[in-house]
$ cat my_file-v2.tsv   # TSV, C-alpha atoms
chain	number	residue	atom	x	y	z
A	215	MET	CA	-21.28	-113.38	135.74
A	216	VAL	CA	-22.59	-110.26	137.45
A	217	THR	CA	-22.68	-107.83	134.55
A	218	SER	CA	-26.05	-106.06	134.79
A	219	ARG	CA	-28.26	-104.34	137.35
A	220	ALA	CA	-30.81	-107.13	137.01
A	221	ASP	CA	-28.23	-109.63	138.22
A	222	ALA	CA	-27.88	-107.67	141.44
A	223	ASP	CA	-31.28	-108.94	142.57
A	224	GLU	CA	-30.29	-112.62	142.58
A	225	LEU	CA	-28.09	-114.78	144.76
A	226	MET	CA	-25.33	-116.58	142.86
A	227	PRO	CA	-24.30	-119.87	144.53
A	228	VAL	CA	-20.78	-121.09	143.91
A	229	THR	CA	-20.18	-124.79	144.50
A	230	VAL	CA	-16.51	-125.26	143.76
A	231	GLY	CA	-14.27	-127.28	146.11
A	232	GLY	CA	-14.29	-127.90	149.83
A	233	ILE	CA	-16.04	-131.27	149.81
A	234	GLY	CA	-16.29	-132.77	153.28
A	235	THR	CA	-15.54	-129.56	155.21
A	236	GLU	CA	-17.79	-127.81	157.70
A	237	TRP	CA	-18.29	-124.99	155.25
A	238	ASP	CA	-19.91	-127.37	152.73
A	239	GLU	CA	-22.80	-127.92	155.14
A	240	ARG	CA	-23.79	-124.27	155.08
A	241	GLN	CA	-22.69	-121.87	152.37
A	242	PRO	CA	-21.96	-118.42	153.79
A	243	SER	CA	-23.82	-115.57	152.14
A	244	VAL	CA	-21.81	-112.54	151.01
A	245	LEU	CA	-23.11	-109.12	150.01
A	246	LEU	CA	-20.81	-107.26	147.62
A	247	VAL	CA	-21.20	-103.47	147.73
A	248	GLU	CA	-19.31	-102.24	144.67
A	249	ASP	CA	-20.22	-99.61	142.08
A	250	ASP	CA	-17.68	-100.73	139.44
A	251	PRO	CA	-18.98	-103.63	137.28
A	252	GLY	CA	-15.42	-104.60	136.38
A	253	ASP	CA	-14.39	-104.95	140.01
A	254	ALA	CA	-17.62	-106.84	140.71
A	255	LEU	CA	-16.70	-109.28	137.93
A	256	LEU	CA	-13.26	-109.82	139.47
A	257	VAL	CA	-14.88	-110.64	142.81
A	258	GLU	CA	-17.23	-113.12	141.17
A	259	GLU	CA	-14.26	-114.86	139.54
A	260	LEU	CA	-12.47	-115.03	142.89
A	261	VAL	CA	-15.57	-116.62	144.40
A	262	ALA	CA	-15.77	-119.15	141.56
A	263	ASP	CA	-12.10	-120.09	141.91
A	264	SER	CA	-12.08	-120.16	145.71
A	265	ALA	CA	-12.22	-123.40	147.64
A	266	LEU	CA	-14.87	-121.81	149.86
A	267	LYS	CA	-18.43	-122.21	148.62
A	268	MET	CA	-20.49	-119.08	149.12
A	269	ARG	CA	-23.56	-117.26	147.86
A	270	LEU	CA	-22.81	-113.85	146.42
A	271	ARG	CA	-25.11	-110.87	145.94
A	272	TRP	CA	-24.06	-107.59	144.30
A	273	VAL	CA	-25.41	-104.10	144.93
A	274	ARG	CA	-23.96	-100.86	143.57
A	275	SER	CA	-24.53	-98.35	146.39
A	276	MET	CA	-24.92	-97.94	150.11
A	277	SER	CA	-28.61	-97.15	149.71
A	278	GLU	CA	-29.14	-100.48	147.90
A	279	ALA	CA	-27.10	-102.24	150.57
A	280	ALA	CA	-29.29	-100.67	153.26
A	281	GLU	CA	-32.41	-102.04	151.55
A	282	VAL	CA	-30.94	-105.54	151.53
A	283	LEU	CA	-29.69	-105.36	155.11
A	284	ALA	CA	-33.10	-104.20	156.29
A	285	THR	CA	-34.57	-107.62	155.48
A	286	GLU	CA	-31.59	-109.98	155.21
A	287	ARG	CA	-28.51	-110.78	157.28
A	288	PRO	CA	-25.60	-111.98	155.13
A	289	ASP	CA	-22.62	-113.55	156.86
A	290	CYS	CA	-20.20	-111.06	155.34
A	291	VAL	CA	-20.21	-107.72	153.49
A	292	LEU	CA	-17.47	-107.06	150.88
A	293	LEU	CA	-17.34	-103.29	150.96
A	294	ASP	CA	-15.78	-100.89	148.46
A	295	LEU	CA	-14.75	-97.62	150.10
A	296	HIS	CA	-15.52	-95.45	147.05
A	297	LEU	CA	-19.27	-95.61	146.58
A	298	PRO	CA	-21.41	-92.90	145.00
A	299	ASP	CA	-23.27	-92.27	148.27
A	300	ALA	CA	-20.63	-93.18	150.87
A	301	SER	CA	-16.86	-93.15	150.94
A	302	GLY	CA	-14.00	-94.08	153.23
A	303	LEU	CA	-14.70	-94.97	156.84
A	304	GLU	CA	-18.19	-93.52	156.54
A	305	ALA	CA	-19.14	-96.60	154.51
A	306	VAL	CA	-17.94	-98.91	157.31
A	307	SER	CA	-19.95	-96.95	159.88
A	308	LEU	CA	-23.09	-97.12	157.76
A	309	VAL	CA	-22.86	-100.89	157.32
A	310	LYS	CA	-22.34	-101.33	161.06
A	311	ALA	CA	-25.33	-99.09	161.73
A	312	HIS	CA	-27.56	-101.24	159.52
A	313	ALA	CA	-26.15	-104.66	160.51
A	314	ASP	CA	-23.79	-104.63	163.48
A	315	ARG	CA	-23.61	-108.43	163.63
A	316	VAL	CA	-22.34	-108.85	160.06
A	317	ALA	CA	-18.65	-109.34	159.26
A	318	ILE	CA	-17.09	-106.67	157.03
A	319	VAL	CA	-14.18	-107.10	154.62
A	320	VAL	CA	-13.09	-103.85	152.99
A	321	LEU	CA	-11.92	-103.70	149.36
A	322	THR	CA	-9.17	-101.11	148.73
A	323	GLY	CA	-6.99	-99.98	145.87
A	324	LEU	CA	-3.25	-100.61	145.55
A	325	ALA	CA	-2.34	-97.32	147.22
A	326	GLU	CA	-4.90	-97.51	150.03
A	327	GLU	CA	-3.54	-100.08	152.46
A	328	GLN	CA	-3.45	-97.49	155.24
A	329	THR	CA	-7.13	-96.84	154.61
A	330	GLY	CA	-7.76	-100.58	154.89
A	331	LEU	CA	-5.97	-100.67	158.24
A	332	ALA	CA	-8.00	-97.68	159.41
A	333	ALA	CA	-11.18	-99.50	158.36
A	334	VAL	CA	-10.20	-102.49	160.51
A	335	THR	CA	-9.66	-100.13	163.42
A	336	ALA	CA	-13.12	-98.68	162.74
A	337	GLY	CA	-14.79	-102.08	162.99
A	338	ALA	CA	-14.11	-104.07	159.83
A	339	GLN	CA	-12.75	-107.58	160.29
A	340	ASP	CA	-10.24	-107.48	157.41
A	341	TYR	CA	-9.28	-105.72	154.16
A	342	LEU	CA	-8.25	-106.94	150.72
A	343	VAL	CA	-6.34	-105.04	148.02
A	344	LYS	CA	-8.03	-105.24	144.63
A	345	GLY	CA	-5.91	-106.89	141.96
A	346	ARG	CA	-3.55	-108.50	144.50
A	347	VAL	CA	-5.79	-111.22	145.89
A	348	GLU	CA	-5.52	-114.87	144.98
A	349	PRO	CA	-8.66	-117.10	145.21
A	350	GLU	CA	-7.25	-119.08	148.14
A	351	LEU	CA	-6.43	-115.91	150.09
A	352	PHE	CA	-9.83	-114.48	149.23
A	353	GLY	CA	-11.74	-117.50	150.55
A	354	ARG	CA	-9.63	-117.65	153.69
A	355	ALA	CA	-10.11	-113.92	154.36
A	356	VAL	CA	-13.90	-114.20	154.08
A	357	ARG	CA	-14.01	-117.31	156.26
A	358	TYR	CA	-11.78	-115.83	158.96
A	359	ALA	CA	-13.68	-112.54	158.92
A	360	ILE	CA	-16.93	-114.39	159.59
A	361	GLN	CA	-15.32	-116.41	162.36
A	362	ARG	CA	-13.77	-113.28	163.89
A	363	LYS	CA	-17.13	-111.54	163.93
A	364	GLN	CA	-18.78	-114.55	165.54
A	365	ALA	CA	-16.02	-114.61	168.16
A	366	GLU	CA	-16.56	-110.90	168.81
A	367	GLN	CA	-20.29	-111.42	169.26
A	368	SER	CA	-19.69	-114.36	171.60
A	369	ALA	CA	-17.26	-112.25	173.65
A	370	VAL	CA	-19.79	-109.40	173.85
A	371	ALA	CA	-22.54	-111.80	174.92
A	372	LEU	CA	-20.25	-113.36	177.52
A	373	GLN	CA	-19.27	-109.96	178.89
A	374	ALA	CA	-22.92	-108.92	179.07
A	375	SER	CA	-23.72	-112.16	180.89
A	376	LEU	CA	-20.89	-111.60	183.36
A	377	MET	CA	-22.00	-108.04	184.00
A	378	GLN	CA	-25.59	-109.17	184.55
A	379	ALA	CA	-24.39	-111.88	186.94
A	380	GLN	CA	-22.35	-109.31	188.87
A	381	GLU	CA	-25.32	-106.94	189.01
A	382	ASN	CA	-27.58	-109.76	190.19
A	383	ALA	CA	-25.03	-110.65	192.86
A	384	ARG	CA	-24.99	-107.06	194.10
A	385	LEU	CA	-28.78	-106.98	194.21
A	386	GLU	CA	-28.92	-110.29	196.05
A	387	ARG	CA	-26.42	-109.01	198.62
A	388	GLY	CA	-28.79	-106.09	199.17
A	389	LEU	CA	-31.57	-108.58	199.84
A	390	LEU	CA	-29.44	-110.51	202.34
A	391	PRO	CA	-28.79	-108.27	205.35
A	392	ARG	CA	-26.91	-109.10	208.52
A	393	PRO	CA	-29.30	-109.21	211.48
A	394	LEU	CA	-28.81	-106.20	213.74
A	395	LEU	CA	-29.05	-107.68	217.27
A	396	ARG	CA	-28.05	-105.76	220.37
A	397	ALA	CA	-28.43	-108.34	223.17
A	398	ASP	CA	-28.40	-112.04	223.95
A	399	GLY	CA	-31.59	-114.04	224.18
A	400	VAL	CA	-32.62	-113.61	220.54
A	401	ARG	CA	-32.02	-116.46	218.11
A	402	VAL	CA	-32.38	-115.86	214.37
A	403	VAL	CA	-31.94	-118.27	211.47
A	404	ALA	CA	-32.32	-116.67	208.04
A	405	ARG	CA	-32.01	-118.30	204.63
A	406	TYR	CA	-32.35	-117.02	201.09
A	407	ARG	CA	-32.44	-119.29	198.03
A	408	PRO	CA	-32.63	-117.86	194.50
A	409	GLY	CA	-34.95	-119.68	192.11
A	410	ARG	CA	-33.65	-122.24	189.63
A	411	ALA	CA	-30.80	-121.17	187.34
A	412	GLN	CA	-33.01	-120.36	184.37
A	413	ALA	CA	-35.34	-118.14	186.39
A	414	LEU	CA	-34.82	-114.40	186.59
A	415	LEU	CA	-33.80	-112.63	189.75
A	416	GLY	CA	-36.73	-112.14	192.12
A	417	GLY	CA	-37.67	-109.51	194.66
A	418	ASP	CA	-37.91	-111.51	197.91
A	419	PHE	CA	-36.38	-109.70	200.90
A	420	TYR	CA	-36.08	-109.98	204.67
A	421	ASP	CA	-34.50	-108.21	207.63
A	422	ILE	CA	-34.13	-108.50	211.41
A	423	VAL	CA	-33.41	-105.56	213.72
A	424	GLN	CA	-33.37	-105.20	217.51
A	425	SER	CA	-34.09	-101.63	218.54
A	426	ALA	CA	-32.47	-99.83	221.46
A	427	ASP	CA	-35.30	-100.80	223.86
A	428	GLY	CA	-34.72	-104.50	223.12
A	429	THR	CA	-37.73	-105.02	220.85
A	430	VAL	CA	-37.08	-107.55	218.09
A	431	HIS	CA	-38.39	-106.61	214.65
A	432	ALA	CA	-38.53	-109.08	211.74
A	433	LEU	CA	-39.67	-108.61	208.15
A	434	VAL	CA	-40.25	-110.84	205.13
A	435	GLY	CA	-41.57	-109.48	201.83
A	436	ASP	CA	-41.98	-110.26	198.16
A	437	VAL	CA	-42.17	-107.84	195.22
A	438	SER	CA	-44.35	-109.13	192.38
A	439	GLY	CA	-42.54	-110.18	189.21
A	440	HIS	CA	-38.96	-111.12	188.49
A	441	GLY	CA	-35.99	-109.17	187.23
A	442	PRO	CA	-33.52	-106.47	188.23
A	443	ASP	CA	-36.21	-103.79	188.67
A	444	GLU	CA	-38.15	-105.95	191.14
A	445	ALA	CA	-34.97	-106.95	192.98
A	446	ALA	CA	-33.86	-103.33	193.25
A	447	LEU	CA	-37.29	-102.39	194.60
A	448	GLY	CA	-37.01	-105.18	197.17
A	449	VAL	CA	-33.65	-103.79	198.29
A	450	ALA	CA	-35.14	-100.29	198.57
A	451	LEU	CA	-38.06	-101.55	200.69
A	452	ARG	CA	-35.79	-103.54	202.98
A	453	ILE	CA	-33.45	-100.61	203.61
A	454	ALA	CA	-36.41	-98.29	204.12
A	455	TRP	CA	-37.93	-100.74	206.63
A	456	ARG	CA	-34.70	-100.89	208.65
A	457	THR	CA	-34.46	-97.09	208.62
A	458	LEU	CA	-38.05	-96.77	209.83
A	459	VAL	CA	-37.46	-99.28	212.64
A	460	LEU	CA	-34.34	-97.47	213.83
A	461	SER	CA	-36.31	-94.21	213.69
A	462	GLY	CA	-39.00	-95.66	215.96
A	463	ILE	CA	-41.70	-95.92	213.29
A	464	THR	CA	-43.43	-99.29	213.49
A	465	GLY	CA	-46.81	-100.92	212.98
A	466	VAL	CA	-49.39	-99.56	210.55
A	467	GLU	CA	-47.60	-96.23	210.05
A	468	GLN	CA	-44.50	-98.13	209.00
A	469	VAL	CA	-46.38	-100.15	206.38
A	470	ALA	CA	-48.03	-97.00	205.03
A	471	ARG	CA	-44.62	-95.35	204.59
A	472	LEU	CA	-43.33	-98.45	202.79
A	473	GLU	CA	-46.26	-98.26	200.39
A	474	GLU	CA	-45.42	-94.63	199.62
A	475	ILE	CA	-41.87	-95.70	198.74
A	476	LEU	CA	-43.08	-98.59	196.59
A	477	VAL	CA	-45.44	-96.36	194.61
A	478	ALA	CA	-42.68	-93.80	194.08
A	479	GLU	CA	-40.01	-96.33	193.06
A	480	ARG	CA	-41.86	-99.00	191.08
A	481	ALA	CA	-41.23	-99.19	187.34
A	482	ARG	CA	-44.85	-100.04	186.46
A	483	ASP	CA	-48.19	-99.27	188.10
A	484	GLU	CA	-49.13	-102.96	188.31
A	485	VAL	CA	-46.15	-103.84	190.54
A	486	PHE	CA	-47.10	-104.59	194.15
A	487	ALA	CA	-45.48	-106.14	197.20
A	488	THR	CA	-46.64	-108.39	200.00
A	489	LEU	CA	-45.01	-108.44	203.42
A	490	VAL	CA	-45.42	-109.43	207.03
A	491	SER	CA	-43.77	-107.44	209.80
A	492	LEU	CA	-43.39	-108.72	213.36
A	493	SER	CA	-42.38	-106.98	216.60
A	494	ALA	CA	-41.75	-108.76	219.89
A	495	VAL	CA	-40.45	-107.71	223.27
A	496	PRO	CA	-38.15	-110.31	224.89
A	497	GLY	CA	-39.77	-111.70	228.01
A	498	GLU	CA	-43.29	-111.30	226.66
A	499	HIS	CA	-45.17	-114.27	225.22
A	500	ARG	CA	-46.71	-112.47	222.29
A	501	ALA	CA	-45.80	-110.63	219.10
A	502	THR	CA	-47.39	-107.79	217.19
A	503	VAL	CA	-47.93	-108.60	213.53
A	504	VAL	CA	-48.91	-106.46	210.54
A	505	ARG	CA	-49.70	-108.45	207.41
A	506	ALA	CA	-50.04	-106.78	203.98
A	507	GLY	CA	-51.31	-109.24	201.41
A	508	HIS	CA	-48.86	-111.88	202.60
A	509	HIS	CA	-49.76	-115.46	203.43
A	510	GLY	CA	-49.65	-116.87	206.95
A	511	LEU	CA	-46.70	-117.87	209.09
A	512	LEU	CA	-45.65	-120.83	211.19
A	513	ARG	CA	-45.64	-120.88	214.97
A	514	ARG	CA	-43.34	-123.62	216.15
A	515	GLY	CA	-43.56	-125.13	219.61
A	516	ALA	CA	-41.43	-127.76	221.25
A	517	HIS	CA	-43.29	-130.65	219.60
A	518	ASP	CA	-45.62	-129.22	216.97
A	519	VAL	CA	-46.05	-126.54	214.32
A	520	ASP	CA	-49.19	-124.51	213.54
A	521	TRP	CA	-50.14	-122.48	210.50
A	522	VAL	CA	-51.19	-119.00	211.68
A	523	GLU	CA	-53.10	-116.55	209.49
A	524	VAL	CA	-53.57	-113.32	211.45
A	525	PRO	CA	-55.93	-110.61	210.11
A	526	GLY	CA	-54.33	-108.53	207.38
A	527	GLY	CA	-54.85	-105.93	204.68
A	528	PRO	CA	-54.12	-105.70	200.95
A	529	ALA	CA	-50.71	-105.84	199.34
A	530	LEU	CA	-48.74	-102.62	199.08
A	531	GLY	CA	-49.48	-100.70	195.91
A	532	LEU	CA	-52.88	-102.21	195.10
A	533	ILE	CA	-54.86	-99.33	196.62
A	534	PRO	CA	-52.32	-96.54	197.04
A	535	GLY	CA	-53.33	-94.33	199.95
A	536	GLY	CA	-56.61	-96.18	200.51
A	537	ALA	CA	-55.54	-99.42	202.19
A	538	ARG	CA	-55.91	-100.26	205.87
A	539	TRP	CA	-53.84	-102.83	207.73
A	540	PRO	CA	-54.94	-104.10	211.15
A	541	THR	CA	-52.49	-104.82	213.91
A	542	ALA	CA	-52.80	-108.36	215.25
A	543	GLU	CA	-51.56	-109.89	218.50
A	544	LEU	CA	-49.99	-113.33	218.06
A	545	PRO	CA	-49.62	-115.49	221.21
A	546	VAL	CA	-46.15	-117.05	221.41
A	547	PRO	CA	-46.02	-119.49	224.34
A	548	PRO	CA	-42.74	-120.09	226.17
A	549	GLY	CA	-40.37	-122.23	224.13
A	550	SER	CA	-42.06	-121.30	220.85
A	551	SER	CA	-40.70	-119.50	217.82
A	552	VAL	CA	-42.12	-117.85	214.71
A	553	VAL	CA	-41.22	-118.63	211.10
A	554	LEU	CA	-41.78	-116.04	208.35
A	555	PHE	CA	-41.31	-116.97	204.69
A	556	THR	CA	-42.16	-116.05	201.11
A	557	ASP	CA	-44.51	-118.07	198.90
A	558	GLY	CA	-41.69	-119.60	196.87
A	559	LEU	CA	-41.37	-122.11	199.72
A	560	PHE	CA	-44.76	-123.73	199.07
A	561	GLU	CA	-45.66	-122.84	195.47
A	562	GLY	CA	-43.21	-125.28	193.89
A	563	HIS	CA	-44.49	-128.39	192.13
A	564	VAL	CA	-44.37	-131.79	193.82
A	565	SER	CA	-44.20	-133.85	190.62
A	566	ARG	CA	-44.23	-133.48	186.85
A	567	GLY	CA	-47.92	-132.63	187.00
A	568	PRO	CA	-49.65	-129.38	187.98
A	569	GLN	CA	-49.90	-130.19	191.70
A	570	ARG	CA	-48.06	-127.82	194.03
A	571	LEU	CA	-46.85	-128.31	197.58
A	572	GLY	CA	-49.30	-125.72	198.93
A	573	GLU	CA	-49.84	-124.52	202.47
A	574	GLU	CA	-51.04	-127.90	203.76
A	575	GLY	CA	-48.07	-129.68	202.22
A	576	LEU	CA	-45.66	-127.21	203.78
A	577	LEU	CA	-47.33	-127.58	207.17
A	578	ALA	CA	-46.98	-131.36	206.92
A	579	LEU	CA	-43.25	-131.01	206.17
A	580	ALA	CA	-42.86	-128.57	209.07
A	581	ARG	CA	-44.55	-130.93	211.50
A	582	GLU	CA	-42.27	-133.78	210.45
A	583	ALA	CA	-39.26	-131.57	211.23
A	584	ALA	CA	-40.67	-130.02	214.44
A	585	GLY	CA	-38.10	-131.64	216.74
A	586	LEU	CA	-35.04	-130.37	214.87
A	587	THR	CA	-32.85	-127.45	215.85
A	588	PRO	CA	-33.76	-124.10	214.25
A	589	ASP	CA	-30.99	-124.36	211.63
A	590	GLU	CA	-31.89	-127.95	210.80
A	591	PHE	CA	-35.59	-127.12	210.73
A	592	VAL	CA	-35.22	-124.30	208.18
A	593	ASP	CA	-32.76	-126.23	206.02
A	594	ARG	CA	-35.04	-129.27	206.06
A	595	LEU	CA	-38.05	-127.22	204.90
A	596	ILE	CA	-36.15	-125.68	202.01
A	597	GLY	CA	-34.40	-128.94	201.10
A	598	GLU	CA	-37.65	-130.93	201.06
A	599	ALA	CA	-39.42	-128.28	198.96
A	600	GLU	CA	-36.52	-128.24	196.50
A	601	GLY	CA	-36.43	-132.03	196.35
A	602	LEU	CA	-40.14	-132.31	195.59
A	603	ALA	CA	-39.81	-129.77	192.78
A	604	GLU	CA	-36.68	-131.36	191.32
A	605	GLU	CA	-38.50	-133.17	188.51
A	606	GLN	CA	-39.58	-129.78	187.15
A	607	GLY	CA	-36.18	-128.17	187.49
A	608	GLY	CA	-36.36	-127.09	191.12
A	609	LEU	CA	-38.11	-124.16	192.75
A	610	ALA	CA	-38.96	-121.56	190.12
A	611	ASP	CA	-39.31	-118.70	192.60
A	612	ASP	CA	-36.94	-117.26	195.18
A	613	VAL	CA	-37.34	-118.31	198.81
A	614	ALA	CA	-36.70	-116.23	201.93
A	615	VAL	CA	-37.18	-117.77	205.38
A	616	VAL	CA	-36.68	-116.20	208.83
A	617	HIS	CA	-36.91	-118.33	212.00
A	618	VAL	CA	-36.92	-116.09	215.10
A	619	SER	CA	-37.23	-116.86	218.81
A	620	TRP	CA	-36.64	-114.82	221.96
A	621	ASN	CA	-36.39	-115.47	225.67
$ encode --input "my_file-v2.tsv" --output "structure tokens"
Amino acid sequence: MVTSRADADELMPVTVGGIGTEWDERQPSVLLVEDDPGDALLVEELVADSALKMRLRWVRSMSEAAEVLATERPDCVLLDLHLPDASGLEAVSLVKAHADRVAIVVLTGLAEEQTGLAAVTAGAQDYLVKGRVEPELFGRAVRYAIQRKQAEQSAVALQASLMQAQENARLERGLLPRPLLRADGVRVVARYRPGRAQALLGGDFYDIVQSADGTVHALVGDVSGHGPDEAALGVALRIAWRTLVLSGITGVEQVARLEEILVAERARDEVFATLVSLSAVPGEHRATVVRAGHHGLLRRGAHDVDWVEVPGGPALGLIPGGARWPTAELPVPPGSSVVLFTDGLFEGHVSRGPQRLGEEGLLALAREAAGLTPDEFVDRLIGEAEGLAEEQGGLADDVAVVHVSWN
């Protein structure tokens, strides 16, 4: 029996009844917070006579309970509402503050049922009236309180997951713009694929805009890291890029402005972004390209595909205010098109080993698909990359691809 302060430091297992039930496989632990030794003895007897096996520990005050809860997590707290250092609903609040994931069953007197109901409203899972509880009811109340708390936690986790999924969906929609085209003669195929299900949201982004003078502008970029902060930064950079284009700011000045925005908006100093920006005038067989830390691009002709790596500068944010980005002229012969993409397309694994697809592997896939239509070509590239990485769970990183051609 629990009859002395020394007993309060030991767990008391009760092994009566319940053979063959789920609860036999793991005895729930119960912390009794009760300052009256007589009432504590009654609880111990209820535990002994209950069909539910459990481990019981007794403390006499909220301060002692706080010490236990700082290092242990019982399944349930049996809480008296008249403690020397906490009373009424304050006691419930204090237990929740120390261990929000623990079920609480309040112990009340005969004339305090309304207080018990108020405690349930305040966050307890149930209440029991001292002196009017049978062992069977006691065991059932503890078991159901634990199950209720677990259900609450599962519901909270599910709601948090749904909210995160909705937030991710909003961020992804911000990364997936509608091309702004003003005239015929420009053909754009754009695709975005999030990484495998267990990967966090990435910061890949793209955009296509045709300005009032007919110039076609295309962008693909990638914010380092994964998560909502990086995705939000990618959205900010994409919207800023479109605004700059519509304001007539292009080329090196445009990239410098984007770096200013990245430095101002990034959550950590080590975050950077790579991008490649292209401008082309319909009717001309060339494009102007500015590359900031990004890899090369593909130039696709009628029967072949080339990997093109024009001169470039560092990624945005690596040398704030000190970077220089050259402007490169890219020949685009009649009947050709340009494909911009993020590194998730070629950094996936090709087997269970460490080997990755790489730039040469991607170029080989592109050349095999050279004769396909633009839509088929882009879908084939992504599909083949995903298929090769399937043994390792698919592509771990997001993929953005823009295939653009103009007459």
$ atom_distance --input "my_file-v2.tsv" --atom1 "atom CA of A:Ala355" --atom2 "atom CA of A:Leu303"
19.7 Å
$ closest_residue --input "my_file-v2.tsv" --among "A:Asp314, A:Asp398, A:Glu498, A:Glu304" --to "A:Thr329" --atoms "all atoms listed in the file"
A:Glu304
$ axis_aligned_box --input "my_file-v2.tsv" --around "stretch 539-546 of chain A" --padding-each-side "4 Å" --output "AutoDock Vina command-line options"
--center_x -50.5 --center_y -109.9 --center_z 214.6 --size_x 16.8 --size_y 22.2 --size_z 21.7
$ residues_around --input "my_file-v2.tsv" --residues "stretch 587-602 of chain A" --least-positions-apart "3" --cutoff "8 Å" --atoms "only C-alpha atoms" --output "PyMOL selection string"
chain A and resi 403+405+559-560+562-565+571+576+579-580+583-584+605+608-609+615+617
$ write_last_selection --input "my_file-v2.tsv" --atoms "C-alpha atoms" --output "PDB file, in the frame of the given file"
ATOM      1  CA  VAL A 403     -31.940-118.270 211.470  1.00  0.00           C
ATOM      2  CA  ARG A 405     -32.010-118.300 204.630  1.00  0.00           C
ATOM      3  CA  LEU A 559     -41.370-122.110 199.720  1.00  0.00           C
ATOM      4  CA  PHE A 560     -44.760-123.730 199.070  1.00  0.00           C
ATOM      5  CA  GLY A 562     -43.210-125.280 193.890  1.00  0.00           C
ATOM      6  CA  HIS A 563     -44.490-128.390 192.130  1.00  0.00           C
ATOM      7  CA  VAL A 564     -44.370-131.790 193.820  1.00  0.00           C
ATOM      8  CA  SER A 565     -44.200-133.850 190.620  1.00  0.00           C
ATOM      9  CA  LEU A 571     -46.850-128.310 197.580  1.00  0.00           C
ATOM     10  CA  LEU A 576     -45.660-127.210 203.780  1.00  0.00           C
ATOM     11  CA  LEU A 579     -43.250-131.010 206.170  1.00  0.00           C
ATOM     12  CA  ALA A 580     -42.860-128.570 209.070  1.00  0.00           C
ATOM     13  CA  ALA A 583     -39.260-131.570 211.230  1.00  0.00           C
ATOM     14  CA  ALA A 584     -40.670-130.020 214.440  1.00  0.00           C
ATOM     15  CA  GLU A 605     -38.500-133.170 188.510  1.00  0.00           C
ATOM     16  CA  GLY A 608     -36.360-127.090 191.120  1.00  0.00           C
ATOM     17  CA  LEU A 609     -38.110-124.160 192.750  1.00  0.00           C
ATOM     18  CA  VAL A 615     -37.180-117.770 205.380  1.00  0.00           C
ATOM     19  CA  HIS A 617     -36.910-118.330 212.000  1.00  0.00           C
TER      20      HIS A 617
END
$ closest_residue --input "my_file-v2.tsv" --among "A:Ile360, A:Ala365, A:Leu266, A:Leu458" --to "A:Cys290" --atoms "all atoms listed in the file"
A:Ile360
$ residues_around --input "my_file-v2.tsv" --residues "A:Trp539" --least-positions-apart "3" --cutoff "9 Å" --atoms "all atoms listed in the file" --output "number ranges by chain"
A: 465-466, 469-470, 504-506, 525-528
$ closest_residue --input "my_file-v2.tsv" --among "A:Asp436, A:Glu474, A:Asp557, A:Glu444" --to "A:Ala487" --atoms "all atoms listed in the file"
A:Asp436
